[in-house]
$ cat work-v6.cif   # mmCIF, C-alpha atoms
data_data
loop_
_atom_site.group_PDB
_atom_site.id
_atom_site.type_symbol
_atom_site.label_atom_id
_atom_site.label_comp_id
_atom_site.auth_asym_id
_atom_site.auth_seq_id
_atom_site.Cartn_x
_atom_site.Cartn_y
_atom_site.Cartn_z
ATOM 1 C CA ILE U 1092 0.000 0.000 0.000
ATOM 2 C CA GLN U 1093 1.432 3.362 -0.967
ATOM 3 C CA ARG U 1094 1.319 5.911 1.806
ATOM 4 C CA ALA U 1095 0.849 9.447 0.530
ATOM 5 C CA ALA U 1096 1.216 12.292 3.009
ATOM 6 C CA ALA U 1097 -1.861 14.437 3.571
ATOM 7 C CA VAL U 1098 -0.562 17.253 5.722
ATOM 8 C CA LEU U 1099 -0.614 21.019 5.925
ATOM 9 C CA PHE U 1100 2.850 22.589 5.967
ATOM 10 C CA ILE U 1101 3.087 25.610 8.189
ATOM 11 C CA PRO U 1102 3.119 28.606 7.686
ATOM 12 C CA VAL U 1103 0.095 27.865 5.453
ATOM 13 C CA PHE U 1104 -2.345 28.082 8.382
ATOM 14 C CA LEU U 1105 -5.514 29.564 6.865
ATOM 15 C CA LEU U 1106 -8.577 27.944 8.472
ATOM 16 C CA SER U 1107 -6.959 24.637 9.315
ATOM 17 C CA ALA U 1108 -4.175 25.395 11.789
ATOM 18 C CA TYR U 1109 -3.561 28.482 13.864
ATOM 19 C CA LEU U 1110 -0.371 30.128 15.099
ATOM 20 C CA PHE U 1111 -0.479 32.122 18.328
ATOM 21 C CA ILE U 1112 2.451 34.318 19.401
ATOM 22 C CA GLN U 1113 2.905 35.053 23.086
ATOM 23 C CA GLN U 1114 5.305 37.382 24.899
ATOM 24 C CA GLY U 1115 8.608 35.797 25.911
ATOM 25 C CA GLN U 1116 12.020 36.740 27.313
ATOM 26 C CA GLY U 1117 13.989 39.311 25.287
ATOM 27 C CA ASN U 1118 13.810 38.455 21.600
ATOM 28 C CA VAL U 1119 12.502 34.933 22.284
ATOM 29 C CA ARG U 1120 8.770 34.486 21.819
ATOM 30 C CA THR U 1121 6.491 31.580 22.610
ATOM 31 C CA LEU U 1122 4.603 30.075 19.682
ATOM 32 C CA ALA U 1123 1.516 27.870 19.926
ATOM 33 C CA VAL U 1124 0.265 25.890 16.927
ATOM 34 C CA ARG U 1125 -3.248 24.458 17.163
ATOM 35 C CA THR U 1126 -4.919 22.172 14.592
ATOM 36 C CA ASN U 1127 -8.582 21.821 13.696
ATOM 37 C CA PRO U 1128 -10.441 18.512 13.278
ATOM 38 C CA GLY U 1129 -9.517 16.758 10.034
ATOM 39 C CA VAL U 1130 -6.083 18.376 9.732
ATOM 40 C CA VAL U 1131 -2.473 17.252 10.211
ATOM 41 C CA SER U 1132 0.089 20.080 10.260
ATOM 42 C CA ALA U 1133 3.804 19.530 9.580
ATOM 43 C CA PHE U 1134 6.425 22.116 10.524
ATOM 44 C CA ASP U 1135 10.014 22.618 11.703
ATOM 45 C CA LEU U 1136 11.102 23.695 15.163
ATOM 46 C CA PRO U 1137 13.898 26.274 15.648
ATOM 47 C CA ASP U 1138 16.546 23.524 16.033
ATOM 48 C CA GLY U 1139 15.540 21.853 12.764
ATOM 49 C CA SER U 1140 13.493 19.102 14.416
ATOM 50 C CA LYS U 1141 10.371 18.166 12.478
ATOM 51 C CA VAL U 1142 6.877 17.832 13.922
ATOM 52 C CA TRP U 1143 3.659 16.337 12.574
ATOM 53 C CA LEU U 1144 0.752 17.614 14.700
ATOM 54 C CA ASN U 1145 -2.407 15.502 14.622
ATOM 55 C CA ALA U 1146 -5.955 16.874 14.568
ATOM 56 C CA ASN U 1147 -7.350 18.654 17.635
ATOM 57 C CA SER U 1148 -3.854 19.094 19.036
ATOM 58 C CA LYS U 1149 -1.670 21.943 20.255
ATOM 59 C CA LEU U 1150 2.104 22.379 20.476
ATOM 60 C CA VAL U 1151 3.770 25.238 22.393
ATOM 61 C CA TYR U 1152 7.452 26.008 21.793
ATOM 62 C CA PRO U 1153 9.878 28.989 21.832
ATOM 63 C CA THR U 1154 11.267 30.771 18.781
ATOM 64 C CA ALA U 1155 14.751 29.767 20.020
ATOM 65 C CA PHE U 1156 15.942 27.087 22.429
ATOM 66 C CA ILE U 1157 18.146 29.188 24.736
ATOM 67 C CA GLU U 1158 17.744 27.099 27.890
ATOM 68 C CA LYS U 1159 19.720 23.973 28.847
ATOM 69 C CA GLU U 1160 16.878 21.813 27.506
ATOM 70 C CA ARG U 1161 14.791 22.037 24.337
ATOM 71 C CA THR U 1162 11.322 21.883 25.903
ATOM 72 C CA VAL U 1163 7.964 21.822 24.113
ATOM 73 C CA PHE U 1164 4.444 21.335 25.495
ATOM 74 C CA LEU U 1165 1.926 19.067 23.772
ATOM 75 C CA GLU U 1166 -1.826 18.646 24.025
ATOM 76 C CA GLY U 1167 -3.111 15.806 21.831
ATOM 77 C CA GLU U 1168 -0.835 13.828 19.504
ATOM 78 C CA ALA U 1169 2.359 14.539 17.579
ATOM 79 C CA TYR U 1170 5.139 12.691 15.775
ATOM 80 C CA PHE U 1171 8.651 14.062 16.349
ATOM 81 C CA LYS U 1172 11.821 13.656 14.286
ATOM 82 C CA VAL U 1173 14.350 15.262 16.599
ATOM 83 C CA THR U 1174 17.630 16.787 15.442
ATOM 84 C CA LYS U 1175 20.600 15.529 17.464
ATOM 85 C CA ASP U 1176 22.008 18.077 19.895
ATOM 86 C CA ALA U 1177 23.847 18.120 23.221
ATOM 87 C CA LYS U 1178 20.750 19.688 24.731
ATOM 88 C CA PRO U 1179 18.077 17.125 25.662
ATOM 89 C CA PHE U 1180 14.762 17.473 23.834
ATOM 90 C CA ILE U 1181 11.801 17.353 26.248
ATOM 91 C CA VAL U 1182 8.141 16.819 25.354
ATOM 92 C CA LYS U 1183 5.801 17.619 28.235
ATOM 93 C CA THR U 1184 2.088 16.847 28.367
ATOM 94 C CA ASP U 1185 -0.457 17.100 31.170
ATOM 95 C CA TYR U 1186 0.263 13.471 32.054
ATOM 96 C CA LEU U 1187 3.826 12.516 31.098
ATOM 97 C CA GLN U 1188 7.265 13.698 30.036
ATOM 98 C CA THR U 1189 9.534 12.313 27.317
ATOM 99 C CA LYS U 1190 13.276 13.069 27.054
ATOM 100 C CA VAL U 1191 15.515 12.397 24.025
ATOM 101 C CA LEU U 1192 18.686 13.646 22.332
ATOM 102 C CA GLY U 1193 17.866 12.775 18.721
ATOM 103 C CA THR U 1194 15.347 10.230 17.513
ATOM 104 C CA GLU U 1195 11.908 9.595 15.995
ATOM 105 C CA PHE U 1196 8.923 8.889 18.216
ATOM 106 C CA ASN U 1197 5.187 9.416 18.607
ATOM 107 C CA VAL U 1198 3.445 10.932 21.641
ATOM 108 C CA LYS U 1199 -0.299 10.503 22.090
ATOM 109 C CA SER U 1200 -1.764 12.252 25.118
ATOM 110 C CA TYR U 1201 -5.308 13.468 24.505
ATOM 111 C CA THR U 1202 -6.366 11.982 27.862
ATOM 112 C CA ALA U 1203 -4.681 10.327 30.841
ATOM 113 C CA GLU U 1204 -6.464 7.075 30.002
ATOM 114 C CA ASP U 1205 -5.004 6.970 26.486
ATOM 115 C CA SER U 1206 -1.447 8.303 26.817
ATOM 116 C CA HIS U 1207 1.289 6.544 24.838
ATOM 117 C CA VAL U 1208 4.889 7.095 23.805
ATOM 118 C CA THR U 1209 5.951 4.929 20.854
ATOM 119 C CA LEU U 1210 9.609 4.805 19.788
ATOM 120 C CA ILE U 1211 10.437 4.455 16.085
ATOM 121 C CA SER U 1212 14.225 4.841 16.204
ATOM 122 C CA GLY U 1213 16.917 5.902 18.649
ATOM 123 C CA LYS U 1214 16.232 5.978 22.374
ATOM 124 C CA VAL U 1215 13.877 7.895 24.655
ATOM 125 C CA GLN U 1216 13.122 8.107 28.350
ATOM 126 C CA VAL U 1217 9.593 8.640 29.615
ATOM 127 C CA ARG U 1218 8.097 9.300 33.027
ATOM 128 C CA SER U 1219 4.753 10.330 34.460
ATOM 129 C CA HIS U 1220 4.096 13.332 36.671
ATOM 130 C CA GLU U 1221 3.342 10.948 39.553
ATOM 131 C CA ASN U 1222 6.634 9.044 39.278
ATOM 132 C CA ALA U 1223 10.058 10.664 38.964
ATOM 133 C CA ARG U 1224 11.722 7.493 37.647
ATOM 134 C CA PHE U 1225 12.348 7.454 33.900
ATOM 135 C CA VAL U 1226 11.577 4.354 31.845
ATOM 136 C CA ASP U 1227 13.909 3.631 28.900
ATOM 137 C CA LEU U 1228 12.333 2.659 25.578
ATOM 138 C CA GLU U 1229 13.860 0.788 22.667
ATOM 139 C CA PRO U 1230 12.731 1.025 19.013
ATOM 140 C CA GLY U 1231 9.480 -0.820 18.373
ATOM 141 C CA LYS U 1232 8.333 -0.438 21.985
ATOM 142 C CA ASP U 1233 5.291 1.434 23.278
ATOM 143 C CA ALA U 1234 4.879 2.817 26.807
ATOM 144 C CA MET U 1235 1.250 3.170 27.912
ATOM 145 C CA LEU U 1236 0.530 5.254 31.002
ATOM 146 C CA LEU U 1237 -1.351 3.376 33.732
ATOM 147 C CA SER U 1238 -3.635 4.846 36.382
ATOM 148 C CA ASP U 1239 -0.975 4.447 39.108
ATOM 149 C CA GLY U 1240 1.561 6.575 37.195
ATOM 150 C CA LEU U 1241 3.605 3.578 36.011
ATOM 151 C CA PHE U 1242 3.965 2.404 32.408
ATOM 152 C CA GLU U 1243 3.109 -0.797 30.601
ATOM 153 C CA VAL U 1244 5.872 -1.321 28.033
ATOM 154 C CA LYS U 1245 5.331 -3.761 25.183
ATOM 155 C CA GLU U 1246 6.557 -4.510 21.676
ATOM 156 C CA VAL U 1247 4.221 -3.160 19.004
ATOM 157 C CA ASN U 1248 3.887 -2.638 15.284
ATOM 158 C CA SER U 1249 5.123 0.953 15.387
ATOM 159 C CA GLU U 1250 3.501 1.757 12.033
ATOM 160 C CA ALA U 1251 0.120 1.266 13.684
ATOM 161 C CA TYR U 1252 0.896 4.339 15.791
ATOM 162 C CA THR U 1253 2.215 6.502 12.947
ATOM 163 C CA TYR U 1254 -0.010 5.860 9.922
ATOM 164 C CA TRP U 1255 -2.040 8.909 10.942
ATOM 165 C CA LYS U 1256 0.714 11.315 9.867
ATOM 166 C CA ASP U 1257 0.507 9.913 6.329
ATOM 167 C CA GLY U 1258 -3.251 10.359 6.148
ATOM 168 C CA TYR U 1259 -4.597 6.968 7.255
ATOM 169 C CA PHE U 1260 -6.658 5.409 9.986
ATOM 170 C CA TYR U 1261 -4.969 2.183 11.074
ATOM 171 C CA PHE U 1262 -6.324 0.109 13.947
ATOM 172 C CA ASP U 1263 -4.892 -3.320 14.717
ATOM 173 C CA GLU U 1264 -7.424 -5.282 16.785
ATOM 174 C CA LEU U 1265 -8.342 -2.282 18.939
ATOM 175 C CA PRO U 1266 -11.604 -1.973 20.897
ATOM 176 C CA LEU U 1267 -14.360 -0.341 18.859
ATOM 177 C CA ALA U 1268 -14.736 2.340 21.537
ATOM 178 C CA ASP U 1269 -11.141 3.511 20.928
ATOM 179 C CA ILE U 1270 -11.560 3.355 17.163
ATOM 180 C CA MET U 1271 -14.724 5.445 17.192
ATOM 181 C CA LYS U 1272 -13.118 7.958 19.528
ATOM 182 C CA SER U 1273 -10.356 8.549 16.953
ATOM 183 C CA ILE U 1274 -12.820 8.719 14.057
ATOM 184 C CA GLY U 1275 -15.071 11.126 15.943
ATOM 185 C CA ARG U 1276 -12.124 13.363 16.822
ATOM 186 C CA TRP U 1277 -10.916 13.498 13.206
ATOM 187 C CA TYR U 1278 -14.302 14.256 11.630
ATOM 188 C CA ASN U 1279 -15.529 16.358 14.583
ATOM 189 C CA VAL U 1280 -18.647 14.249 15.165
ATOM 190 C CA ASN U 1281 -20.227 12.748 18.272
ATOM 191 C CA VAL U 1282 -20.349 8.983 18.787
ATOM 192 C CA THR U 1283 -23.175 7.218 20.657
ATOM 193 C CA PHE U 1284 -23.223 3.474 21.353
ATOM 194 C CA ARG U 1285 -26.706 1.982 21.471
ATOM 195 C CA ASN U 1286 -25.197 -1.455 22.032
ATOM 196 C CA LYS U 1287 -22.753 -1.055 24.930
ATOM 197 C CA GLU U 1288 -21.330 -4.535 24.372
ATOM 198 C CA ALA U 1289 -20.125 -3.460 20.944
ATOM 199 C CA MET U 1290 -17.693 -1.014 22.572
ATOM 200 C CA ALA U 1291 -15.420 -3.945 23.458
ATOM 201 C CA TYR U 1292 -15.390 -5.519 19.974
ATOM 202 C CA ARG U 1293 -11.824 -5.717 18.664
ATOM 203 C CA ILE U 1294 -11.482 -4.728 15.026
ATOM 204 C CA HIS U 1295 -8.707 -4.514 12.428
ATOM 205 C CA PHE U 1296 -9.431 -1.549 10.170
ATOM 206 C CA MET U 1297 -7.579 0.754 7.786
ATOM 207 C CA SER U 1298 -8.827 3.568 5.554
ATOM 208 C CA ASN U 1299 -7.830 6.906 4.042
ATOM 209 C CA ARG U 1300 -8.844 9.680 6.431
ATOM 210 C CA GLN U 1301 -9.299 12.104 3.543
ATOM 211 C CA SER U 1302 -12.072 9.995 1.986
ATOM 212 C CA GLY U 1303 -14.757 11.509 4.235
ATOM 213 C CA ILE U 1304 -16.832 10.161 7.067
ATOM 214 C CA GLU U 1305 -19.455 8.584 4.795
ATOM 215 C CA GLU U 1306 -16.812 6.426 3.100
ATOM 216 C CA THR U 1307 -15.244 5.523 6.453
ATOM 217 C CA ILE U 1308 -18.628 4.389 7.781
ATOM 218 C CA ARG U 1309 -19.267 2.398 4.590
ATOM 219 C CA LEU U 1310 -15.972 0.559 4.968
ATOM 220 C CA MET U 1311 -16.595 -0.128 8.652
ATOM 221 C CA ASN U 1312 -20.003 -1.570 7.873
ATOM 222 C CA ARG U 1313 -18.487 -3.849 5.221
ATOM 223 C CA LEU U 1314 -16.674 -5.669 8.023
ATOM 224 C CA LYS U 1315 -20.132 -6.892 9.155
ATOM 225 C CA LYS U 1316 -19.140 -6.648 12.803
ATOM 226 C CA VAL U 1317 -21.093 -3.479 13.493
ATOM 227 C CA THR U 1318 -23.650 -1.294 11.739
ATOM 228 C CA LEU U 1319 -22.883 2.420 11.896
ATOM 229 C CA THR U 1320 -25.314 5.191 10.971
ATOM 230 C CA LEU U 1321 -24.575 8.896 10.574
ATOM 231 C CA CYS U 1322 -27.422 11.196 11.614
ATOM 232 C CA GLU U 1323 -26.643 14.920 11.447
ATOM 233 C CA ASN U 1324 -23.483 15.274 13.594
ATOM 234 C CA THR U 1325 -23.670 11.961 15.457
ATOM 235 C CA VAL U 1326 -22.603 8.421 14.576
ATOM 236 C CA TYR U 1327 -24.753 5.673 16.090
#
$ encode --input "work-v6.cif" --output "structure tokens"
Amino acid sequence: IQRAAAVLFIPVFLLSAYLFIQQGQGNVRTLAVRTNPGVVSAFDLPDGSKVWLNANSKLVYPTAFIEKERTVFLEGEAYFKVTKDAKPFIVKTDYLQTKVLGTEFNVKSYTAEDSHVTLISGKVQVRSHENARFVDLEPGKDAMLLSDGLFEVKEVNSEAYTYWKDGYFYFDELPLADIMKSIGRWYNVNVTFRNKEAMAYRIHFMSNRQSGIEETIRLMNRLKKVTLTLCENTVY
């Protein structure tokens, strides 16, 4: 399957991604990039590191990394390709912190219940706000934040966590509740389960996110595991 990128390259913000400039120290300003539903924005940080920011996400970073650490703040999900530097690169979210020197990894942190760090290459360290001890990750490993502040680390198909930046939904035997949460976030629609048992169904599903919600629902229904219906702004 050919994977064609479907992203918006900043500074082409228009109505899809927004750049906010805040006061900083001296000539250094704080920038905040926020994406709308249905949009992935790709841009470079001041050190040359590259970021893909998923829909309904926000990244805050300075116009220059003048401190001892290159620190950015994330709400939502982003893929980072970090330029090597003596200064550690830190990604902070409301629930966890990831530290690297130069590597490629994905951080998903829309909620505490669904916070992941997935390493593609290199090496990262991750810790929660409740636990000061860092956990080391190796390529192909995913660290999922648990309710007690610890992490469950397991080997995964890392592409399953990064297809989104190339414009695809990809779910490998995930619960339907998690799948519909991602689909609802991307298309900015509500999701209501009439059959609560269906929330636990595990489904393998892949589709082009740019095809539209009607096509996504059609493909889901072809699996014959569930029947989805779109009514106004809600999927049942």
$ atom_distance --input "work-v6.cif" --atom1 "atom CA of U:Glu1168" --atom2 "atom CA of U:Arg1224"
23.0 Å
$ atom_distance --input "work-v6.cif" --atom1 "atom CA of U:Ser1212" --atom2 "atom CA of U:Ser1273"
24.9 Å
$ resolve_selection --input "work-v6.cif" --expression "the PyMOL selection byres ((chain U and resi 1141) around 6)" --output "ChimeraX atom specification"
/U:1134-1135,1140,1142,1171-1172
$ closest_residue --input "work-v6.cif" --among "U:Lys1178, U:Arg1276, U:Lys1256, U:Lys1199" --to "U:Asn1324" --atoms "only C-alpha atoms"
U:Arg1276
$ atom_distance --input "work-v6.cif" --atom1 "atom CA of U:Lys1272" --atom2 "atom CA of U:Tyr1201"
10.8 Å
$ closest_atom_pairs --input "work-v6.cif" --of "stretch 1125-1169 of chain U" --to "stretch 1282-1303 of chain U" --cutoff "12 Å" --atoms "all atoms listed in the file" --output "CSV"
residue,atom,partner,partner_atom,distance
U:Pro1128,CA,U:Arg1300,CA,11.3
U:Gly1129,CA,U:Arg1300,CA,8.0
U:Val1130,CA,U:Gln1301,CA,9.4
U:Val1131,CA,U:Arg1300,CA,10.6
U:Asn1145,CA,U:Arg1300,CA,11.9
U:Ala1146,CA,U:Arg1300,CA,11.2
$ closest_residue --input "work-v6.cif" --among "U:Thr1320, U:Ser1238, U:Ser1206, U:Thr1189" --to "U:Val1226" --atoms "only C-alpha atoms"
U:Thr1189
$ residues_around --input "work-v6.cif" --residues "U:Lys1232" --least-positions-apart "3" --cutoff "12 Å" --atoms "only C-alpha atoms" --output "PyMOL selection string"
chain U and resi 1196-1197+1207-1217+1226-1229+1235+1242-1252
$ residues_near_point --input "work-v6.cif" --point "(1.7, 13.0, 39.7)" --cutoff "8 Å" --atoms "only C-alpha atoms" --output "JSON, numbers by chain"
{"U": [1186, 1219, 1220, 1221, 1222, 1240]}
$ closest_residue --input "work-v6.cif" --among "U:Tyr1254, U:Phe1180, U:Trp1277, U:Trp1143" --to "U:Glu1158" --atoms "all atoms listed in the file"
U:Phe1180
$ closest_residue --input "work-v6.cif" --among "U:Ile1274, U:Val1151, U:Pro1137, U:Ile1181" --to "U:Arg1125" --atoms "only C-alpha atoms"
U:Val1151
$ resolve_selection --input "work-v6.cif" --expression "the PyMOL selection byres ((chain U and resi 1152) around 8)" --output "ChimeraX atom specification"
/U:1121-1123,1136,1150-1151,1153-1154,1162-1164
$ closest_residue --input "work-v6.cif" --among "U:Glu1204, U:Asp1138, U:Asp1263, U:Glu1305" --to "U:Lys1175" --atoms "only C-alpha atoms"
U:Asp1138
